[in-house]
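So the structure is just underneath, and the comments pick up after that.
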Amino acid sequence: MSEFRIGDDDFLLDGKPLRILAGALHYFRVHPDQWRDRIRKARQMGLNTIETYVAWNAHAPRPGEFDLTGGLDLGRFLDEVAAEGMHAIVRPGPYICAEWTNGGLPAWLFAAESVGVRRDEPQYLAAVEDYLRRLAPVLVPRQIDRGGPIILVQIENEYGAYGSDPVYLEKLVDLNRAIGITVPLTTVDQPEPAMLDGGSIPGLHKTASFGSRSIERLATLREHQPTGPLMCSEFWDGWFDHWGAHHHTTSVADSAKDLDDLLAAGASVNIYMFHGGTNFGFTNGANDKGVYQPIVTSYDYDAPLDEAGNPTAKYWAFREVLRRYNPDAVEETPAEASAAPALRTRLTRTVSLSAVADALGDWSTHDDVPTMEALGRYEGFAMYRTEVDATGPAVLEFGEVRDRALVSLDGRPVGVLARDHHDRTLGLPADARGTLEVVLEDQGRVNYGPRIGEPKGLIAPASLNGHPLGPWRAAALDLTDLTPVRDAASPADPALPAIPGPTFAVGAFELDEPADLYLATRAWGKGSVWINGFHIGRYWSRGPQHTLYVPAGALRAGTNEIIVLELQSGSADVEFVPWPDLGHTDF
């Protein structure tokens with residue numbers, strides 16, 4: 001067992017100065033079979049610490065649930081860190097941002113509008129207390145003073161950019177101490193005076209987040225943190241991508257120089273990200289600063305390790321810098337990237353989404369359109385049906401669409417309502433009569449700013465030509481088990497040039513042995529993909545991302561299943577390519 005504390009000038013491990021050289025690696029964005037590989041590559045780059053957020057909503061997808069198994073086995077992840085001889089920094093939030101859906105906060109928490117968001121409010125803090133108590137058996141015995149790897153725990157996350165509630169921060173400190181957290185506690189904020197002042201309280205060690213102008217920003221941090229070690233606990237070495245925008249990259253040389261400047265000044269660092277990983281399933285977040293912008297499936301982040309865990313030019317440049325400041329750096333190096341297997345197959349069976357909707361969801365009747373939360377689901381898709389009988393022109397209107405609605409009348413597509421276009425109204429065919437159906441997609445919950453915690457789905461009121469429209473039958477779809485899709489799918493029509501959506505399409509491919517793959521998506525419109533039941537994420541023709549990463553851990557030797565939910569239209573051809581295609585850059 002060891003003692004770790006914050007001294008007047010340095011972090012101190014058993015009384016001796018320790019410079020923290022950390023890299024961010026989110027266990028929930030990496031297949032668990034690959035955790036050890038990524039951790040080892042961090043040590044090989046010259047790091048001595050792994051940092052991770054804890055995604056509350058991943059562990060608690062429903063009220064009363066708390067999952068610490070499989071890819072959410074945080075204890076196993078921390079044990080892997082320790083086995084590689086590295087320290088750990090844990091950031092349990094409760095809010096994490098992280099470009100993760102809802103910033104890590106469970107959507108069910110805000111079913112009651114009276115529940116506070118990131119503030120001193122009893123219902124919110126009671127839920128946070130329960131969350132931390134459930135984490136206690138994982139975190140407490142793995143602290144460094146009990147023989148584990150954890151040396152620091154962070155309180156909240158860039159709180160100064162959101163609010164200034166010292167009582168809330170004090171209560172978070174008390175809750176962490178009450179469950180048995182004894183290691184030093186930190187905060188992080190951008191090096192702006194108002195944020196540094198509003199985001200921390202006495203007794204918490206301030207750290208900063210930035211990705212350039214290291215000397216200047218460390219000076220700002222020092223003005224607000226007069227004693228103790230300087231630390232950039234989010235050194236941004238890349239950035240994330242939105243659908244419809246470009247793929248973000250940063251200069252290798254510039255990033256390496258800023259890292260060198262930071263370390264030459266004597267500061268500690270956490271490289272954000274060391275390895276970004278993937279927003280598997282429906283876990284991507286979104287931003288809304290006037291325009292809704294959902295985040296892509298890949299969280300490659302232009303990090304030193306790419307999405308598949310391969311070292312990049314940035315890895316080797318950072319390794320050269322880090323070895324000048326880490327006397328314990330190891331000599332061993334990881335292997336260079338190699339091409340993934342190239343494969344082709346076909347989607348051979350299909351079934352429309354409408355045809356299996358009854359098997360995927362429980363339908364209920366409502367006077368007006370319910371939110372997804374009211375339907376008991378917090379991600380993915382919902383369907384709405386009502387009868388219309390219009391005379392002459394007909395205009396459909398909703399209070400708001402969160403986030404994308406495919407509208408059809410008696411099975412014939414009518415149009416799309418998109419949140420990112422601020423769509424709320426849609427013209428129906430003249431004299432529209434029949435069953436109006438809406439397929440609603442939650443494209444990712446806002447993870448930053450005042451719209452955290454907002455409901456998803458069609459937002460009331462719903463009207464036709466200004467008159468209330470209803471009643472509605474609605475169901476949120478459970479896509480965790482696609483057995484109904486497999487059972488209902490029938491041979492696809494080979495004469496069709498493409499698969500029309502919204503449709504599930506099923507196929508298979510063969511592998512001699514499991515290996516990382518890249519699934520090409522340029523021939524498809526918009527949708528999601530499952531391989532052997534593992535939801536590898538969303539695709540969209542608007543890019544920038546045009547491949548989906550498939551971890552070897554989701555595959556098997558022999559026959560593998562692929563299921564595609566195509567919402568628009570897409571080819572029946574399936575292609576796996578040797579290299580990723582994350583899209584065009586801005587230069």
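Every chain in the structure tokens takes a letter, A first, then B, and so on in the order presented; its residues are numbered from 1, and the ligands are numbered from 1 following the presented order.
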Practice problem: Excluding region 443-457 of chain A and residues on its chain fewer than 2 positions from it, collect all residues at most 7 Å away from it, counting only C-alpha atoms, and give them as a list in words. | Solution: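 Answer for this query is Cys97, Glu99, Trp100, Thr101, Asn102, Gly103, Ala107, Phe110, Tyr162, Phe282, Thr283, Asn284, Gly285, Ala286, Asn287, Asp288, Pro294, Thr371, Met372, Glu373, Val401, Arg402, Asp403, Leu440, Glu441 and Ile459 of chain A.
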Restricting the output to C-alpha atoms, write the selected residues as a PDB file, in the first residue's frame.
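The new file selection.pdb reads:
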```
ATOM      1  CA  CYS A  97     -19.864  15.288 -21.151  1.00  0.00           C
ATOM      2  CA  GLU A  99     -19.561  13.501 -26.297  1.00  0.00           C
ATOM      3  CA  TRP A 100     -21.569  10.670 -24.730  1.00  0.00           C
ATOM      4  CA  THR A 101     -25.357  10.604 -24.817  1.00  0.00           C
ATOM      5  CA  ASN A 102     -26.857  12.929 -22.176  1.00  0.00           C
ATOM      6  CA  GLY A 103     -23.361  13.625 -20.833  1.00  0.00           C
ATOM      7  CA  ALA A 107     -32.417   9.870 -19.099  1.00  0.00           C
ATOM      8  CA  PHE A 110     -35.400  13.453 -15.543  1.00  0.00           C
ATOM      9  CA  TYR A 162     -22.187  25.271 -16.759  1.00  0.00           C
ATOM     10  CA  PHE A 282     -26.969   4.387 -29.520  1.00  0.00           C
ATOM     11  CA  THR A 283     -24.393   5.929 -27.164  1.00  0.00           C
ATOM     12  CA  ASN A 284     -23.233   8.958 -29.181  1.00  0.00           C
ATOM     13  CA  GLY A 285     -24.033  12.374 -27.814  1.00  0.00           C
ATOM     14  CA  ALA A 286     -24.980  15.579 -29.611  1.00  0.00           C
ATOM     15  CA  ASN A 287     -24.537  19.321 -29.382  1.00  0.00           C
ATOM     16  CA  ASP A 288     -27.240  21.945 -29.776  1.00  0.00           C
ATOM     17  CA  PRO A 294     -25.398  14.534 -33.523  1.00  0.00           C
ATOM     18  CA  THR A 371     -42.367  11.146 -25.499  1.00  0.00           C
ATOM     19  CA  MET A 372     -40.066   8.133 -25.598  1.00  0.00           C
ATOM     20  CA  GLU A 373     -39.667   8.469 -21.830  1.00  0.00           C
ATOM     21  CA  VAL A 401     -39.225  16.645 -33.428  1.00  0.00           C
ATOM     22  CA  ARG A 402     -36.415  15.047 -31.448  1.00  0.00           C
ATOM     23  CA  ASP A 403     -34.711  14.095 -33.609  1.00  0.00           C
ATOM     24  CA  LEU A 440     -38.971   8.483 -34.861  1.00  0.00           C
ATOM     25  CA  GLU A 441     -35.213   8.209 -34.329  1.00  0.00           C
ATOM     26  CA  ILE A 459     -43.143  16.543 -28.741  1.00  0.00           C
TER      27      ILE A 459
END
```
Self-check item: From A:Asp260, A:Asp9, A:Pro327, A:Asp362, residue lying nearest Arg222 (chain A) [only C-alpha atoms]
Solution: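 Smallest separation from Arg222 (chain A) among the options: A:Asp9.
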Counting only C-alpha atoms, what is within 6 Å of region 267-273 of chain A, bar same-chain residues fewer than 4 positions away, as a short mmCIF file (atom, residue, chain, number, x, y, z; two decimals) with C-alpha atoms, in the first residue's frame?
```
data_model
loop_
_atom_site.label_atom_id
_atom_site.label_comp_id
_atom_site.auth_asym_id
_atom_site.auth_seq_id
_atom_site.Cartn_x
_atom_site.Cartn_y
_atom_site.Cartn_z
CA ARG A 19 4.76 13.55 -12.48
CA ILE A 20 1.47 12.18 -13.78
CA LEU A 21 1.72 11.21 -17.43
CA ALA A 22 -1.79 9.97 -18.15
CA GLY A 23 -3.84 9.03 -21.16
CA ALA A 24 -7.62 8.95 -21.46
CA LEU A 230 0.16 22.21 -12.29
CA MET A 231 -1.82 19.77 -14.39
CA CYS A 232 -3.60 19.80 -17.71
CA SER A 233 -6.02 16.96 -17.11
CA GLU A 234 -7.50 17.21 -20.60
CA PHE A 235 -4.77 17.91 -23.14
CA TRP A 236 -6.86 17.94 -26.31
CA LEU A 262 3.64 21.67 -21.10
CA LEU A 263 6.01 19.05 -19.74
CA ALA A 303 -5.72 10.25 -31.04
#
```
Practice problem: Counting only C-alpha atoms, figure out which residue out of A:Asn465, A:Thr220, A:Asn279, A:Gln545 gets nearest to His247 (chain A). | Solution: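 For His247 (chain A), the nearest of the candidates is A:Gln545.
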Quiz prompt | Residues within 7 Å of Gly71 (chain A), only C-alpha atoms, excluding chain neighbours under 6 positions, as an NGL selection string | solution = :A and (28 or 31-32)
Can you tell me which residues surround Gln34 (chain A) at a distance of at most 12 Å, considering only C-alpha atoms, apart from same-chain residues fewer than 3 positions away, and format the answer as an mmCIF file with C-alpha atoms, in the first residue's frame?
```cif
data_model
loop_
_atom_site.group_PDB
_atom_site.id
_atom_site.type_symbol
_atom_site.label_atom_id
_atom_site.label_comp_id
_atom_site.auth_asym_id
_atom_site.auth_seq_id
_atom_site.Cartn_x
_atom_site.Cartn_y
_atom_site.Cartn_z
ATOM 1 C CA LEU A 25 -9.080 5.548 -22.310
ATOM 2 C CA HIS A 26 -12.799 4.980 -21.762
ATOM 3 C CA TYR A 27 -13.509 1.335 -20.960
ATOM 4 C CA PHE A 28 -17.099 1.741 -22.194
ATOM 5 C CA ARG A 29 -15.894 2.707 -25.701
ATOM 6 C CA VAL A 30 -13.557 -0.263 -26.122
ATOM 7 C CA HIS A 31 -14.409 -3.958 -26.381
ATOM 8 C CA ASP A 37 -3.829 -4.219 -25.381
ATOM 9 C CA ARG A 38 -4.736 -0.519 -25.237
ATOM 10 C CA ILE A 39 -3.405 -0.111 -21.682
ATOM 11 C CA ARG A 40 -0.113 -1.770 -22.603
ATOM 12 C CA LYS A 41 0.281 0.519 -25.608
ATOM 13 C CA GLY A 71 -17.892 -4.272 -21.191
ATOM 14 C CA PHE A 77 -10.620 -2.620 -16.260
ATOM 15 C CA GLU A 80 -5.921 -4.522 -15.968
ATOM 16 C CA HIS A 275 -7.365 6.142 -27.490
ATOM 17 C CA GLY A 277 -12.628 4.101 -29.300
ATOM 18 C CA GLU A 307 -10.092 3.620 -33.373
ATOM 19 C CA ALA A 308 -8.778 0.094 -33.944
ATOM 20 C CA GLY A 309 -5.930 0.544 -31.458
ATOM 21 C CA ASN A 310 -3.169 1.061 -34.015
ATOM 22 C CA ALA A 515 -10.077 -10.151 -36.741
ATOM 23 C CA ASP A 516 -10.836 -6.433 -36.612
ATOM 24 C CA PRO A 551 -13.867 -5.280 -33.053
ATOM 25 C CA ALA A 552 -12.526 -8.815 -33.320
ATOM 26 C CA GLY A 553 -14.169 -9.615 -29.989
ATOM 27 C CA ALA A 554 -17.597 -9.330 -31.633
#
```
Using backbone DSSP assignments, extract all strand (DSSP E) residues from region 296-371 of chain A; output them as a PDB file with N, CA and C atoms, in the first residue's frame.
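Saved result, result-v3.pdb, follows:
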```
ATOM      1  N   LEU A 343     -13.605  -8.443 -47.422  1.00  0.00           N
ATOM      2  CA  LEU A 343     -14.636  -9.459 -47.644  1.00  0.00           C
ATOM      3  C   LEU A 343     -15.821  -8.841 -48.367  1.00  0.00           C
ATOM      4  N   ARG A 344     -16.573  -9.682 -49.048  1.00  0.00           N
ATOM      5  CA  ARG A 344     -17.829  -9.262 -49.665  1.00  0.00           C
ATOM      6  C   ARG A 344     -18.906 -10.305 -49.378  1.00  0.00           C
ATOM      7  N   THR A 345     -20.125  -9.841 -49.179  1.00  0.00           N
ATOM      8  CA  THR A 345     -21.256 -10.742 -49.034  1.00  0.00           C
ATOM      9  C   THR A 345     -22.512  -9.988 -49.452  1.00  0.00           C
ATOM     10  N   ARG A 346     -23.677 -10.570 -49.198  1.00  0.00           N
ATOM     11  CA  ARG A 346     -24.945  -9.944 -49.562  1.00  0.00           C
ATOM     12  C   ARG A 346     -25.934 -10.018 -48.403  1.00  0.00           C
ATOM     13  N   LEU A 347     -26.801  -9.054 -48.367  1.00  0.00           N
ATOM     14  CA  LEU A 347     -27.963  -9.109 -47.482  1.00  0.00           C
ATOM     15  C   LEU A 347     -29.049  -9.845 -48.251  1.00  0.00           C
ATOM     16  N   THR A 348     -29.433 -10.997 -47.761  1.00  0.00           N
ATOM     17  CA  THR A 348     -30.272 -11.887 -48.561  1.00  0.00           C
ATOM     18  C   THR A 348     -31.722 -11.967 -48.109  1.00  0.00           C
ATOM     19  N   ARG A 349     -32.019 -11.530 -46.891  1.00  0.00           N
ATOM     20  CA  ARG A 349     -33.387 -11.602 -46.384  1.00  0.00           C
ATOM     21  C   ARG A 349     -33.787 -10.248 -45.811  1.00  0.00           C
ATOM     22  N   THR A 350     -35.043  -9.881 -45.957  1.00  0.00           N
ATOM     23  CA  THR A 350     -35.503  -8.578 -45.481  1.00  0.00           C
ATOM     24  C   THR A 350     -36.872  -8.694 -44.825  1.00  0.00           C
ATOM     25  N   VAL A 351     -37.177  -7.719 -44.008  1.00  0.00           N
ATOM     26  CA  VAL A 351     -38.513  -7.548 -43.443  1.00  0.00           C
ATOM     27  C   VAL A 351     -38.671  -6.075 -43.098  1.00  0.00           C
ATOM     28  N   SER A 352     -39.805  -5.504 -43.429  1.00  0.00           N
ATOM     29  CA  SER A 352     -40.015  -4.086 -43.146  1.00  0.00           C
ATOM     30  C   SER A 352     -40.105  -3.845 -41.648  1.00  0.00           C
ATOM     31  N   SER A 364     -49.405   1.312 -27.016  1.00  0.00           N
ATOM     32  CA  SER A 364     -50.352   1.919 -26.072  1.00  0.00           C
ATOM     33  C   SER A 364     -51.041   3.084 -26.759  1.00  0.00           C
ATOM     34  N   THR A 365     -52.163   3.507 -26.218  1.00  0.00           N
ATOM     35  CA  THR A 365     -52.976   4.560 -26.833  1.00  0.00           C
ATOM     36  C   THR A 365     -52.876   5.844 -26.022  1.00  0.00           C
ATOM     37  N   HIS A 366     -52.781   6.981 -26.738  1.00  0.00           N
ATOM     38  CA  HIS A 366     -52.588   8.290 -26.098  1.00  0.00           C
ATOM     39  C   HIS A 366     -53.403   9.335 -26.848  1.00  0.00           C
TER      40      HIS A 366
END
```
Self-check item: Pairwise distance for CA of Thr480 (chain A) and CA of Ala55 (chain A), rounded to one decimal in Å
Solution: 19.1 Å
Quiz prompt | Residue with smallest distance to Arg177 (chain A) - pool A:Val153, A:Val407, A:Leu417, A:Ala329, counting only C-alpha atoms | solution = A:Val153
Self-check item: Nearby residues (only C-alpha atoms) at most 10 Å from region 191-207 of chain A, same-chain spacing under 3 positions excluded, as an MDAnalysis selection string
Solution: chainID A and resid 6 154:167 169:170 173 184:188 210 216:234 268:269
May I have the selected residues written with C-alpha atoms, as a short mmCIF file (atom, residue, chain, number, x, y, z; two decimals), in the first residue's frame?
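Ended up saving to again_27.cif:
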```
data_model
loop_
_atom_site.label_atom_id
_atom_site.label_comp_id
_atom_site.auth_asym_id
_atom_site.auth_seq_id
_atom_site.Cartn_x
_atom_site.Cartn_y
_atom_site.Cartn_z
CA ILE A 6 -0.76 16.73 -3.24
CA GLN A 154 -12.44 14.06 -10.11
CA ILE A 155 -15.50 15.94 -8.85
CA GLU A 156 -18.03 16.86 -11.57
CA ASN A 157 -16.61 17.92 -14.97
CA GLU A 158 -15.87 21.42 -16.29
CA TYR A 159 -18.56 22.71 -13.99
CA GLY A 160 -17.44 26.30 -14.41
CA ALA A 161 -18.71 26.21 -18.01
CA TYR A 162 -22.19 25.27 -16.76
CA GLY A 163 -22.83 26.91 -13.40
CA SER A 164 -21.47 28.20 -10.13
CA ASP A 165 -23.01 26.36 -7.19
CA PRO A 166 -20.46 25.82 -4.41
CA VAL A 167 -23.02 24.06 -2.21
CA LEU A 169 -19.83 20.86 -5.25
CA GLU A 170 -19.47 20.62 -1.47
CA VAL A 173 -17.33 16.03 -2.11
CA PRO A 184 -7.13 13.54 -3.43
CA LEU A 185 -10.06 15.11 -5.28
CA THR A 186 -9.70 17.38 -8.31
CA THR A 187 -11.73 19.55 -10.65
CA VAL A 188 -11.10 20.50 -14.27
CA PHE A 210 -6.76 22.86 -23.25
CA GLU A 216 -0.01 30.81 -21.45
CA ARG A 217 -2.74 28.55 -20.16
CA LEU A 218 -0.64 27.09 -17.39
CA ALA A 219 0.07 30.65 -16.27
CA THR A 220 -3.66 31.32 -16.06
CA LEU A 221 -4.13 28.13 -14.06
CA ARG A 222 -1.32 29.12 -11.68
CA GLU A 223 -3.05 32.44 -10.99
CA HIS A 224 -6.08 30.48 -9.75
CA GLN A 225 -4.12 27.59 -8.19
CA PRO A 226 -1.30 29.34 -6.28
CA THR A 227 0.22 26.17 -4.81
CA GLY A 228 0.41 22.53 -5.73
CA PRO A 229 1.36 20.83 -8.99
CA LEU A 230 0.16 22.21 -12.29
CA MET A 231 -1.82 19.77 -14.39
CA CYS A 232 -3.60 19.80 -17.71
CA SER A 233 -6.02 16.96 -17.11
CA GLU A 234 -7.50 17.21 -20.60
CA SER A 268 1.54 16.86 -15.28
CA VAL A 269 -0.77 15.85 -18.10
#
```
Quiz prompt | Surrounding residues of Ser569 (chain A) excluding itself and chain neighbours under 5 positions, 6 Å, only C-alpha atoms, as a VMD selection string | solution = chain A and resid 499 to 501 525
Create the file for the chosen residues now, containing N, CA and C atoms and written as a PDB file, in the first residue's frame.
```
ATOM      1  N   ILE A 499     -32.370  -1.798 -51.338  1.00  0.00           N
ATOM      2  CA  ILE A 499     -33.322  -2.165 -50.291  1.00  0.00           C
ATOM      3  C   ILE A 499     -34.018  -0.890 -49.825  1.00  0.00           C
ATOM      4  N   PRO A 500     -35.349  -0.808 -49.999  1.00  0.00           N
ATOM      5  CA  PRO A 500     -36.049   0.402 -49.562  1.00  0.00           C
ATOM      6  C   PRO A 500     -36.304   0.365 -48.061  1.00  0.00           C
ATOM      7  N   GLY A 501     -36.113   1.497 -47.404  1.00  0.00           N
ATOM      8  CA  GLY A 501     -36.332   1.547 -45.970  1.00  0.00           C
ATOM      9  C   GLY A 501     -37.705   2.092 -45.628  1.00  0.00           C
ATOM     10  N   GLY A 525     -27.812   4.253 -47.023  1.00  0.00           N
ATOM     11  CA  GLY A 525     -28.363   5.575 -46.737  1.00  0.00           C
ATOM     12  C   GLY A 525     -28.165   6.007 -45.299  1.00  0.00           C
TER      13      GLY A 525
END
```
Self-check item: Residue with smallest distance to Pro484 (chain A) - pool A:Phe66, A:Phe504, A:Phe576, A:Phe398, counting only C-alpha atoms
Solution: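 Closest to Pro484 (chain A), using only C-alpha atoms: A:Phe504.
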Quiz prompt | DSSP helix (DSSP H, G or I) residues within region 81-150 of chain A, listed as number ranges by chain | solution = A: 81-83, 101-104, 107-110, 122-142, 144-146
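Closest to Gly411 (chain A) among A:Asn326, A:Ser541, A:Thr297, A:Thr435 is A:Thr435, based on only C-alpha atoms.
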